[in-house]
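Structure file coords_21.cif (mmCIF, C-alpha atoms) follows.
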```
data_query
loop_
_atom_site.group_PDB
_atom_site.id
_atom_site.type_symbol
_atom_site.label_atom_id
_atom_site.label_comp_id
_atom_site.auth_asym_id
_atom_site.auth_seq_id
_atom_site.Cartn_x
_atom_site.Cartn_y
_atom_site.Cartn_z
ATOM 1 C CA MET N 1 79.100 -2.080 -96.606
ATOM 2 C CA PRO N 2 80.027 -2.005 -100.303
ATOM 3 C CA ALA N 3 82.256 -4.870 -101.258
ATOM 4 C CA PRO N 4 85.888 -4.099 -101.951
ATOM 5 C CA SER N 5 87.157 -4.351 -105.463
ATOM 6 C CA PRO N 6 87.751 -7.085 -106.427
ATOM 7 C CA SER N 7 85.068 -8.874 -104.428
ATOM 8 C CA PRO N 8 85.793 -11.362 -101.629
ATOM 9 C CA SER N 9 84.278 -14.150 -103.676
ATOM 10 C CA THR N 10 86.879 -13.853 -106.389
ATOM 11 C CA THR N 11 90.065 -13.015 -104.513
ATOM 12 C CA ALA N 12 90.467 -15.891 -102.079
ATOM 13 C CA ALA N 13 93.956 -17.303 -101.872
ATOM 14 C CA PRO N 14 94.565 -20.503 -103.865
ATOM 15 C CA SER N 15 94.588 -22.544 -100.681
ATOM 16 C CA ALA N 16 91.179 -21.194 -99.712
ATOM 17 C CA GLU N 17 89.772 -21.908 -103.152
ATOM 18 C CA ALA N 18 91.186 -25.422 -103.036
ATOM 19 C CA ALA N 19 89.369 -25.985 -99.772
ATOM 20 C CA LEU N 20 86.018 -25.575 -101.499
ATOM 21 C CA PRO N 21 84.736 -29.136 -101.981
ATOM 22 C CA LEU N 22 83.931 -30.511 -105.400
ATOM 23 C CA PRO N 23 80.600 -32.217 -106.145
ATOM 24 C CA ALA N 24 82.337 -35.588 -106.422
ATOM 25 C CA GLU N 25 83.318 -35.416 -102.765
ATOM 26 C CA GLY N 26 79.769 -36.165 -101.641
ATOM 27 C CA GLY N 27 79.052 -35.439 -98.008
ATOM 28 C CA ARG N 28 82.070 -33.163 -97.592
ATOM 29 C CA ALA N 29 80.304 -30.609 -99.797
ATOM 30 C CA LEU N 30 78.031 -29.688 -96.899
ATOM 31 C CA GLY N 31 80.879 -29.237 -94.415
ATOM 32 C CA PRO N 32 81.012 -25.425 -94.560
ATOM 33 C CA VAL N 33 77.219 -25.253 -94.572
ATOM 34 C CA ALA N 34 77.033 -27.260 -91.353
ATOM 35 C CA LEU N 35 79.584 -24.919 -89.784
ATOM 36 C CA VAL N 36 77.521 -21.838 -90.653
ATOM 37 C CA ILE N 37 74.219 -23.326 -89.432
ATOM 38 C CA SER N 38 75.805 -24.501 -86.176
ATOM 39 C CA ALA N 39 77.218 -21.022 -85.665
ATOM 40 C CA GLY N 40 73.778 -19.490 -86.229
ATOM 41 C CA ILE N 41 72.127 -21.758 -83.678
ATOM 42 C CA SER N 42 74.789 -20.988 -81.109
ATOM 43 C CA VAL N 43 74.741 -17.214 -81.571
ATOM 44 C CA GLN N 44 70.946 -16.852 -81.481
ATOM 45 C CA PHE N 45 70.469 -18.973 -78.377
ATOM 46 C CA GLY N 46 73.299 -16.979 -76.843
ATOM 47 C CA ALA N 47 71.455 -13.784 -77.746
ATOM 48 C CA ALA N 48 68.297 -15.084 -76.077
ATOM 49 C CA LEU N 49 70.297 -15.831 -72.932
ATOM 50 C CA ALA N 50 71.792 -12.329 -73.080
ATOM 51 C CA VAL N 51 68.325 -10.768 -73.121
ATOM 52 C CA THR N 52 67.540 -12.470 -69.808
ATOM 53 C CA ILE N 53 70.546 -10.858 -68.059
ATOM 54 C CA MET N 54 70.192 -7.331 -69.448
ATOM 55 C CA PRO N 55 68.163 -6.213 -66.391
ATOM 56 C CA ARG N 56 71.270 -6.988 -64.314
ATOM 57 C CA ALA N 57 74.004 -5.368 -66.391
ATOM 58 C CA GLY N 58 72.383 -3.372 -69.189
ATOM 59 C CA ALA N 59 73.049 -3.752 -72.902
ATOM 60 C CA ALA N 60 76.581 -2.285 -72.799
ATOM 61 C CA GLY N 61 77.426 -4.358 -69.745
ATOM 62 C CA VAL N 62 76.354 -7.570 -71.459
ATOM 63 C CA VAL N 63 78.470 -6.686 -74.493
ATOM 64 C CA THR N 64 81.490 -6.077 -72.255
ATOM 65 C CA LEU N 65 81.030 -9.383 -70.416
ATOM 66 C CA ARG N 66 80.539 -11.253 -73.674
ATOM 67 C CA LEU N 67 83.549 -9.837 -75.495
ATOM 68 C CA ALA N 68 85.918 -9.809 -72.500
ATOM 69 C CA ALA N 69 85.162 -13.432 -71.595
ATOM 70 C CA ALA N 70 85.398 -14.505 -75.226
ATOM 71 C CA ALA N 71 88.731 -12.719 -75.666
ATOM 72 C CA LEU N 72 90.135 -14.342 -72.536
ATOM 73 C CA VAL N 73 89.082 -17.829 -73.648
ATOM 74 C CA LEU N 74 90.406 -17.408 -77.183
ATOM 75 C CA LEU N 75 93.718 -15.901 -76.082
ATOM 76 C CA LEU N 76 94.291 -18.766 -73.648
ATOM 77 C CA LEU N 77 93.350 -21.423 -76.193
ATOM 78 C CA CYS N 78 95.114 -19.959 -79.228
ATOM 79 C CA ARG N 79 98.074 -18.189 -77.628
ATOM 80 C CA PRO N 80 98.522 -16.222 -80.841
ATOM 81 C CA LYS N 81 101.935 -15.010 -81.914
ATOM 82 C CA VAL N 82 102.305 -11.253 -82.208
ATOM 83 C CA ARG N 83 105.496 -11.128 -84.258
ATOM 84 C CA GLY N 84 106.099 -11.711 -87.930
ATOM 85 C CA TYR N 85 103.022 -9.898 -89.251
ATOM 86 C CA SER N 86 102.949 -6.949 -91.602
ATOM 87 C CA ARG N 87 101.322 -3.579 -91.018
ATOM 88 C CA ALA N 88 98.540 -4.663 -93.399
ATOM 89 C CA ASP N 89 97.957 -7.800 -91.316
ATOM 90 C CA TRP N 90 97.603 -5.732 -88.139
ATOM 91 C CA GLY N 91 95.361 -3.248 -89.929
ATOM 92 C CA THR N 92 93.073 -6.095 -90.945
ATOM 93 C CA VAL N 93 92.836 -7.579 -87.456
ATOM 94 C CA LEU N 94 92.299 -4.130 -85.915
ATOM 95 C CA THR N 95 89.465 -3.376 -88.319
ATOM 96 C CA PHE N 96 87.983 -6.812 -87.678
ATOM 97 C CA GLY N 97 88.022 -6.130 -83.928
ATOM 98 C CA LEU N 98 86.390 -2.716 -84.312
ATOM 99 C CA THR N 99 83.767 -4.298 -86.544
ATOM 100 C CA MET N 100 82.956 -6.947 -83.936
ATOM 101 C CA ALA N 101 82.693 -4.325 -81.205
ATOM 102 C CA GLY N 102 80.334 -2.237 -83.310
ATOM 103 C CA MET N 103 78.217 -5.184 -84.406
ATOM 104 C CA ASN N 104 77.767 -6.458 -80.857
ATOM 105 C CA GLY N 105 77.202 -3.052 -79.319
ATOM 106 C CA LEU N 106 74.558 -2.012 -81.840
ATOM 107 C CA PHE N 107 72.764 -5.361 -81.777
ATOM 108 C CA TYR N 108 72.388 -5.477 -78.004
ATOM 109 C CA GLN N 109 71.180 -1.896 -77.973
ATOM 110 C CA ALA N 110 68.548 -3.080 -80.471
ATOM 111 C CA VAL N 111 67.346 -6.141 -78.523
ATOM 112 C CA ASP N 112 67.168 -3.973 -75.399
ATOM 113 C CA ARG N 113 64.416 -2.024 -77.193
ATOM 114 C CA ILE N 114 62.714 -4.418 -79.646
ATOM 115 C CA PRO N 115 61.963 -8.185 -79.722
ATOM 116 C CA LEU N 116 64.701 -10.609 -80.770
ATOM 117 C CA GLY N 117 63.013 -11.840 -83.961
ATOM 118 C CA PRO N 118 62.442 -8.436 -85.582
ATOM 119 C CA ALA N 119 65.890 -7.270 -84.457
ATOM 120 C CA VAL N 120 67.611 -10.159 -86.225
ATOM 121 C CA THR N 121 65.319 -9.717 -89.223
ATOM 122 C CA LEU N 122 66.479 -6.135 -89.647
ATOM 123 C CA GLU N 123 70.089 -7.056 -88.928
ATOM 124 C CA VAL N 124 70.194 -9.757 -91.605
ATOM 125 C CA LEU N 125 69.476 -7.163 -94.286
ATOM 126 C CA GLY N 126 73.167 -6.226 -94.095
ATOM 127 C CA PRO N 127 74.497 -9.625 -95.206
ATOM 128 C CA LEU N 128 71.732 -9.881 -97.804
ATOM 129 C CA ALA N 129 72.756 -6.528 -99.254
ATOM 130 C CA LEU N 130 76.361 -7.749 -99.361
ATOM 131 C CA SER N 131 75.343 -10.847 -101.288
ATOM 132 C CA VAL N 132 73.545 -8.735 -103.886
ATOM 133 C CA ILE N 133 76.422 -6.262 -104.225
ATOM 134 C CA VAL N 134 79.210 -8.788 -104.710
ATOM 135 C CA SER N 135 77.353 -11.511 -106.630
ATOM 136 C CA ARG N 136 78.007 -11.793 -110.340
ATOM 137 C CA ARG N 137 75.467 -14.535 -111.054
ATOM 138 C CA LEU N 138 71.781 -13.946 -111.675
ATOM 139 C CA VAL N 139 70.767 -17.082 -109.790
ATOM 140 C CA ASN N 140 72.365 -15.766 -106.590
ATOM 141 C CA LEU N 141 70.419 -12.533 -106.964
ATOM 142 C CA LEU N 142 67.207 -14.539 -107.315
ATOM 143 C CA TRP N 143 67.937 -16.596 -104.202
ATOM 144 C CA ALA N 144 68.752 -13.419 -102.305
ATOM 145 C CA GLY N 145 65.437 -11.929 -103.428
ATOM 146 C CA LEU N 146 63.536 -14.972 -102.169
ATOM 147 C CA ALA N 147 65.359 -14.781 -98.846
ATOM 148 C CA LEU N 148 64.544 -11.083 -98.591
ATOM 149 C CA ALA N 149 60.858 -11.873 -99.199
ATOM 150 C CA GLY N 150 60.963 -14.339 -96.315
ATOM 151 C CA VAL N 151 62.703 -11.808 -94.091
ATOM 152 C CA ALA N 152 60.068 -9.183 -94.905
ATOM 153 C CA LEU N 153 57.271 -11.660 -94.197
ATOM 154 C CA LEU N 154 58.790 -12.641 -90.883
ATOM 155 C CA SER N 155 59.217 -9.026 -89.859
ATOM 156 C CA GLY N 156 55.602 -8.204 -90.612
ATOM 157 C CA HIS N 157 53.881 -10.910 -88.584
ATOM 158 C CA GLY N 158 50.955 -10.092 -86.358
ATOM 159 C CA GLY N 159 50.752 -9.737 -82.631
ATOM 160 C CA GLY N 160 52.035 -6.208 -82.487
ATOM 161 C CA SER N 161 55.682 -7.095 -83.161
ATOM 162 C CA GLY N 162 55.977 -6.104 -86.812
ATOM 163 C CA PHE N 163 57.879 -3.111 -88.131
ATOM 164 C CA GLY N 164 55.001 -0.725 -87.464
ATOM 165 C CA SER N 165 55.195 -1.229 -83.687
ATOM 166 C CA LEU N 166 58.984 -1.166 -83.341
ATOM 167 C CA ASP N 167 60.826 1.473 -81.360
ATOM 168 C CA PRO N 168 62.546 3.654 -84.014
ATOM 169 C CA ALA N 169 65.838 3.776 -82.115
ATOM 170 C CA GLY N 170 65.822 -0.006 -81.710
ATOM 171 C CA ALA N 171 65.153 -0.479 -85.419
ATOM 172 C CA ALA N 172 67.971 1.939 -86.296
ATOM 173 C CA PHE N 173 70.385 0.093 -84.014
ATOM 174 C CA ALA N 174 69.431 -3.208 -85.676
ATOM 175 C CA LEU N 175 70.029 -1.791 -89.152
ATOM 176 C CA GLY N 176 73.384 -0.419 -88.005
ATOM 177 C CA ALA N 177 74.278 -3.847 -86.642
ATOM 178 C CA GLY N 178 73.396 -5.290 -90.048
ATOM 179 C CA ALA N 179 75.823 -2.942 -91.772
ATOM 180 C CA MET N 180 78.534 -3.969 -89.325
ATOM 181 C CA TRP N 181 77.635 -7.623 -89.894
ATOM 182 C CA ALA N 182 78.297 -7.200 -93.619
ATOM 183 C CA ALA N 183 81.686 -5.669 -92.788
ATOM 184 C CA TYR N 184 82.324 -8.517 -90.347
ATOM 185 C CA ILE N 185 81.868 -11.053 -93.157
ATOM 186 C CA VAL N 186 84.445 -9.284 -95.317
ATOM 187 C CA PHE N 187 87.060 -8.815 -92.592
ATOM 188 C CA SER N 188 86.542 -12.257 -91.066
ATOM 189 C CA ALA N 189 87.432 -13.760 -94.446
ATOM 190 C CA ARG N 190 90.484 -11.502 -94.778
ATOM 191 C CA THR N 191 91.644 -12.276 -91.254
ATOM 192 C CA GLY N 192 91.245 -16.004 -91.835
ATOM 193 C CA ARG N 193 93.533 -15.780 -94.856
ATOM 194 C CA ARG N 194 96.220 -13.707 -93.101
ATOM 195 C CA PHE N 195 96.446 -15.490 -89.723
ATOM 196 C CA PRO N 196 96.774 -19.224 -88.974
ATOM 197 C CA GLN N 197 94.034 -21.159 -87.224
ATOM 198 C CA ALA N 198 91.991 -18.809 -85.011
ATOM 199 C CA ASP N 199 94.907 -16.532 -84.059
ATOM 200 C CA GLY N 200 93.510 -13.538 -85.918
ATOM 201 C CA LEU N 201 90.114 -14.067 -84.326
ATOM 202 C CA ALA N 202 91.631 -14.127 -80.826
ATOM 203 C CA LEU N 203 93.551 -10.912 -81.450
ATOM 204 C CA ALA N 204 90.518 -9.192 -82.977
ATOM 205 C CA MET N 205 88.342 -10.282 -80.046
ATOM 206 C CA ALA N 206 90.851 -8.692 -77.668
ATOM 207 C CA VAL N 207 90.583 -5.437 -79.630
ATOM 208 C CA ALA N 208 86.771 -5.605 -79.430
ATOM 209 C CA ALA N 209 86.880 -6.243 -75.683
ATOM 210 C CA VAL N 210 89.173 -3.266 -75.038
ATOM 211 C CA VAL N 211 86.926 -0.977 -77.095
ATOM 212 C CA SER N 212 83.733 -2.086 -75.316
ATOM 213 C CA LEU N 213 85.124 -2.107 -71.768
ATOM 214 C CA PRO N 214 84.718 1.628 -70.958
ATOM 215 C CA LEU N 215 81.085 1.644 -72.102
ATOM 216 C CA GLY N 216 80.252 -1.418 -70.016
ATOM 217 C CA VAL N 217 81.914 -0.025 -66.905
ATOM 218 C CA VAL N 218 80.074 3.281 -67.265
ATOM 219 C CA GLU N 219 76.673 1.582 -67.597
ATOM 220 C CA ALA N 220 76.951 -1.354 -65.182
ATOM 221 C CA GLY N 221 79.824 -0.513 -62.849
ATOM 222 C CA ALA N 222 80.257 -2.994 -59.987
ATOM 223 C CA ASP N 223 77.277 -5.046 -61.204
ATOM 224 C CA LEU N 224 79.624 -6.591 -63.758
ATOM 225 C CA LEU N 225 81.486 -8.323 -60.909
ATOM 226 C CA VAL N 226 78.481 -10.107 -59.353
ATOM 227 C CA PRO N 227 79.390 -13.838 -59.550
ATOM 228 C CA SER N 228 76.072 -14.966 -61.046
ATOM 229 C CA THR N 229 76.212 -12.211 -63.657
ATOM 230 C CA LEU N 230 79.796 -13.125 -64.518
ATOM 231 C CA ALA N 231 78.819 -16.779 -64.939
ATOM 232 C CA LEU N 232 75.904 -15.953 -67.221
ATOM 233 C CA GLY N 233 78.096 -13.531 -69.166
ATOM 234 C CA ALA N 234 80.635 -16.290 -69.689
ATOM 235 C CA GLY N 235 77.884 -18.522 -71.043
ATOM 236 C CA VAL N 236 76.809 -15.804 -73.456
ATOM 237 C CA ALA N 237 80.439 -15.380 -74.529
ATOM 238 C CA VAL N 238 80.829 -19.054 -75.392
ATOM 239 C CA LEU N 239 77.495 -19.329 -77.202
ATOM 240 C CA SER N 240 77.527 -15.953 -78.945
ATOM 241 C CA SER N 241 81.214 -15.301 -79.604
ATOM 242 C CA VAL N 242 83.771 -18.065 -79.092
ATOM 243 C CA LEU N 243 81.917 -20.910 -80.776
ATOM 244 C CA PRO N 244 80.089 -19.134 -83.633
ATOM 245 C CA TYR N 245 82.937 -16.806 -84.630
ATOM 246 C CA THR N 246 85.360 -19.732 -84.768
ATOM 247 C CA LEU N 247 82.945 -21.807 -86.854
ATOM 248 C CA GLU N 248 82.264 -18.893 -89.201
ATOM 249 C CA LEU N 249 85.947 -18.117 -89.653
ATOM 250 C CA LEU N 250 86.593 -21.755 -90.589
ATOM 251 C CA ALA N 251 83.603 -21.761 -92.944
ATOM 252 C CA LEU N 252 84.748 -18.604 -94.719
ATOM 253 C CA ARG N 253 88.026 -20.331 -95.585
ATOM 254 C CA ARG N 254 86.030 -22.838 -97.647
ATOM 255 C CA MET N 255 83.060 -20.790 -98.832
ATOM 256 C CA PRO N 256 82.763 -17.577 -100.918
ATOM 257 C CA ALA N 257 81.469 -14.543 -99.045
ATOM 258 C CA PRO N 258 78.264 -14.205 -101.159
ATOM 259 C CA THR N 259 77.148 -17.754 -100.342
ATOM 260 C CA PHE N 260 77.969 -17.217 -96.672
ATOM 261 C CA ALA N 261 75.981 -13.987 -96.690
ATOM 262 C CA ILE N 262 72.901 -15.646 -98.178
ATOM 263 C CA LEU N 263 73.104 -18.413 -95.567
ATOM 264 C CA MET N 264 72.843 -15.678 -92.949
ATOM 265 C CA SER N 265 69.201 -15.297 -94.003
ATOM 266 C CA LEU N 266 68.584 -18.315 -91.773
ATOM 267 C CA GLU N 267 69.252 -16.160 -88.731
ATOM 268 C CA PRO N 268 65.690 -14.749 -88.341
ATOM 269 C CA ALA N 269 64.314 -18.293 -88.348
ATOM 270 C CA ILE N 270 66.830 -19.440 -85.749
ATOM 271 C CA ALA N 271 66.183 -16.318 -83.682
ATOM 272 C CA ALA N 272 62.431 -16.933 -83.776
ATOM 273 C CA THR N 273 63.006 -20.479 -82.530
ATOM 274 C CA ALA N 274 65.310 -19.279 -79.759
ATOM 275 C CA GLY N 275 62.774 -16.619 -78.804
ATOM 276 C CA PHE N 276 60.073 -19.264 -78.570
ATOM 277 C CA LEU N 277 62.091 -21.734 -76.512
ATOM 278 C CA VAL N 278 63.947 -19.325 -74.221
ATOM 279 C CA LEU N 279 61.874 -16.128 -74.158
ATOM 280 C CA HIS N 280 58.441 -17.735 -74.735
ATOM 281 C CA GLN N 281 57.689 -15.726 -77.885
ATOM 282 C CA ALA N 282 55.069 -17.680 -79.842
ATOM 283 C CA LEU N 283 55.406 -18.478 -83.552
ATOM 284 C CA SER N 284 52.501 -17.858 -85.923
ATOM 285 C CA ALA N 285 51.626 -19.669 -89.160
ATOM 286 C CA LEU N 286 52.957 -16.656 -91.049
ATOM 287 C CA ASP N 287 56.257 -16.981 -89.197
ATOM 288 C CA ALA N 288 56.478 -20.627 -90.278
ATOM 289 C CA LEU N 289 55.911 -19.639 -93.913
ATOM 290 C CA ALA N 290 58.631 -16.988 -93.667
ATOM 291 C CA ILE N 291 61.011 -19.528 -92.157
ATOM 292 C CA ALA N 292 60.304 -21.915 -95.033
ATOM 293 C CA LEU N 293 61.114 -19.169 -97.559
ATOM 294 C CA VAL N 294 64.451 -18.257 -96.021
ATOM 295 C CA ILE N 295 65.449 -21.908 -95.662
ATOM 296 C CA ALA N 296 64.546 -22.584 -99.296
ATOM 297 C CA ALA N 297 66.515 -19.551 -100.439
ATOM 298 C CA SER N 298 69.549 -20.473 -98.381
ATOM 299 C CA MET N 299 69.608 -24.093 -99.485
ATOM 300 C CA GLY N 300 69.090 -23.045 -103.087
ATOM 301 C CA ALA N 301 72.061 -20.702 -102.879
ATOM 302 C CA VAL N 302 74.251 -23.469 -101.515
ATOM 303 C CA ARG N 303 73.166 -25.916 -104.227
ATOM 304 C CA SER N 304 73.877 -23.390 -106.960
ATOM 305 C CA GLN N 305 77.305 -22.699 -105.480
ATOM 306 C CA ILE N 306 78.186 -26.400 -105.351
ATOM 307 C CA ARG N 307 76.999 -26.940 -108.928
ATOM 308 C CA ARG N 308 79.169 -24.119 -110.254
ATOM 309 C CA ARG N 309 82.357 -25.917 -109.152
ATOM 310 C CA PRO N 310 84.271 -27.743 -111.941
ATOM 311 C CA THR N 311 83.852 -31.502 -112.112
ATOM 312 C CA GLY N 312 87.450 -32.315 -112.651
ATOM 313 C CA GLY N 313 90.975 -30.995 -112.778
#
```

Rendering of file as structure tokens:
Amino acid sequence: MPAPSPSPSTTAAPSAEAALPLPAEGGRALGPVALVISAGISVQFGAALAVTIMPRAGAAGVVTLRLAAAALVLLLLCRPKVRGYSRADWGTVLTFGLTMAGMNGLFYQAVDRIPLGPAVTLEVLGPLALSVIVSRRLVNLLWAGLALAGVALLSGHGGGSGFGSLDPAGAAFALGAGAMWAAYIVFSARTGRRFPQADGLALAMAVAAVVSLPLGVVEAGADLLVPSTLALGAGVAVLSSVLPYTLELLALRRMPAPTFAILMSLEPAIAATAGFLVLHQALSALDALAIALVIAASMGAVRSQIRRRPTGG
């Protein structure tokens, strides 16, 4: 999704900019980075768990369970206020919710047809494109290029799971999820600036759950109410929605959108690890090289972002 004008990286509220740590603060400089990486680990292991329950409820059913359970948990924990917000505030949270529904729906349609690693590899092209579009520094473009090289290498590994063997519909769904992911980054940052704590996230998750509910009911019907399926769906909700979305929203209050987007290039590596540990999908030497490239690109982007901060008031 093309970045709005001006870009998210240059229009953060003063309080959000002040939250970006300075180099002199030492270990605190990696705070937002740790939030993003933790979110990635949680969401990809949640996705691997979701793949194991798709035979019970289908892709749309899993999305419904995930979003409905996540919305319930967040609404109970946050108890967000619904008064005192402008029409623009509600427009932002509504768009954020629709974006989450689209991102989840498209992604699970993808992993229902193609392996987890290639699906995430294709999906991450959306955030990478966002980082290129909104970045105004050559070094960020170079780091994004290196990350893209790693993504391409990961997607083309042997064993019959590269792009050439992918189901076209599954690949298209993954690319669509990537476009929605880029939009998610933009509207998550906007929601975080307009609503306190995780209130905006809870409201947006409720919107996403309402949108996905009819599709899940049509596909899975009464299977959604089987106790074991409900329990697994709740686990997917915590791992793939509640925890990572909260961590990402907090990170985006302290980190420019382009840097966040480049960090998302870690997702194929995390997905490959989750696929290996949960779904028994083996890693090749070429996969390891691709993982090293995306990690190097992501860490380089973070270092360049930290170095660009002023050294004093």

For this session: Enumerate, as a list of chain:residue names, the residues matched when the PyMOL selection byres ((chain N and resi 105-109) around 8) is run on the file above.
Result: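 Selected by the PyMOL selection byres ((chain N and resi 105-109) around 8) here: N:Ala59, N:Ala60, N:Val62, N:Val63, N:Ala101, N:Gly102, N:Met103, N:Asn104, N:Ala110, N:Val111, N:Asp112, N:Arg113, N:Ala119, N:Glu123, N:Gly170, N:Phe173, N:Ala174, N:Gly176, N:Ala177, N:Ser212.
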
Exercise. What lies within 7 Å of Ala209 of chain N using only C-alpha atoms, ignoring chain neighbours under 5 positions off, as a list in words?
Worked result: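 Neighbouring residues, sequence-local ones excluded: Thr64, Leu67, Ala68 and Ala71 of chain N.
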
For this session: Check what the PyMOL selection byres ((chain N and resi 201) around 9) selects in the file above and give those residues as a ChimeraX atom specification.
Result: /N:71,74,93,96-97,188,191-192,195,197-200,202-206,245-246,249

For this session: Convert the output of the PyMOL selection byres ((chain N and resi 182) around 7) on the shown file into explicit residues, formatted as a PyMOL selection string.
Result: chain N and resi 1+126-127+130+178-181+183-186

Exercise. With all atoms listed in the file as the atoms that count, which of N:Leu224, N:Gly31, N:Ala292, N:Val82 lies nearest to Pro55 of chain N?
Worked result: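 Nearest candidate to Pro55 of chain N out of N:Leu224, N:Gly31, N:Ala292, N:Val82: N:Leu224.
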
Sorted per-residue table, segment 53-152 of chain N near segment 271-286 of chain N, closest atoms and distance, 10 Å, only C-alpha atoms, as JSON lines:
```
{"residue": "N:Pro115", "atom": "CA", "partner": "N:Gly275", "partner_atom": "CA", "distance": 8.5}
{"residue": "N:Leu116", "atom": "CA", "partner": "N:Ala271", "partner_atom": "CA", "distance": 6.6}
{"residue": "N:Gly117", "atom": "CA", "partner": "N:Ala272", "partner_atom": "CA", "distance": 5.1}
{"residue": "N:Pro118", "atom": "CA", "partner": "N:Ala272", "partner_atom": "CA", "distance": 8.7}
{"residue": "N:Ala119", "atom": "CA", "partner": "N:Ala271", "partner_atom": "CA", "distance": 9.1}
{"residue": "N:Val120", "atom": "CA", "partner": "N:Ala271", "partner_atom": "CA", "distance": 6.8}
{"residue": "N:Thr121", "atom": "CA", "partner": "N:Ala271", "partner_atom": "CA", "distance": 8.7}
{"residue": "N:Gly150", "atom": "CA", "partner": "N:Leu286", "partner_atom": "CA", "distance": 9.9}
```

For this session: Mind giving me the straight-line distance from atom CA of Arg79 of chain N to atom CA of Arg194 of chain N in Å, one decimal?
Result: 16.2 Å

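Distance-wise, atom CA of Leu146 of chain N and atom CA of Leu250 of chain N end up 26.7 Å apart.
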
Exercise. From the set N:Gly233, N:Pro244, N:Pro227, N:Pro32, which residue has the shortest atom-to-atom contact distance to Thr259 of chain N, counting all atoms listed in the file?
Worked result: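 Comparing N:Gly233, N:Pro244, N:Pro227, N:Pro32 against Thr259 of chain N, the winner is N:Pro32.
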
For this session: Find the residues around Val236 of chain N up to 6 Å (all atoms listed in the file counted), leave out those fewer than 3 positions away in its own chain, and share them as a ChimeraX atom specification.
Result: /N:46,66,233,239-240

For this session: Figure out the distance between atom CA of Ala47 of chain N and atom CA of Ala297 of chain N, please, to one decimal in Å.
Result: 23.9 Å

Problem set entry | Residue nearest Met255 of chain N - candidates N:Leu230, N:Ala147, N:Ala189, N:Leu138, atoms counted: all atoms listed in the file | N:Ala189

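Distance check against Leu266 of chain N using all atoms listed in the file: of N:Ser298, N:Thr92, N:Ser241, N:Ser42, the minimum falls on N:Ser298.
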
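Using all atoms listed in the file, the nearest neighbour of Val51 of chain N within the list N:Ala171, N:Ala152, N:Leu232, N:Leu252 is N:Leu232.
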
What are the centre and the three edge lengths of an axis-aligned box that wraps all atoms of segment 75-86 of chain N in the file, given that 5 Å is added to every side, written as lines of an AutoDock Vina configuration file and rounded to one decimal in Å?
```
center_x = 99.7
center_y = -14.2
center_z = -82.6
size_x = 22.7
size_y = 24.5
size_z = 28.0
```

For this session: Measuring atom to atom with all atoms listed in the file, identify which of N:Val43, N:Val218, N:Pro196, N:Leu72 is nearest to Arg253 of chain N.
Result: N:Pro196
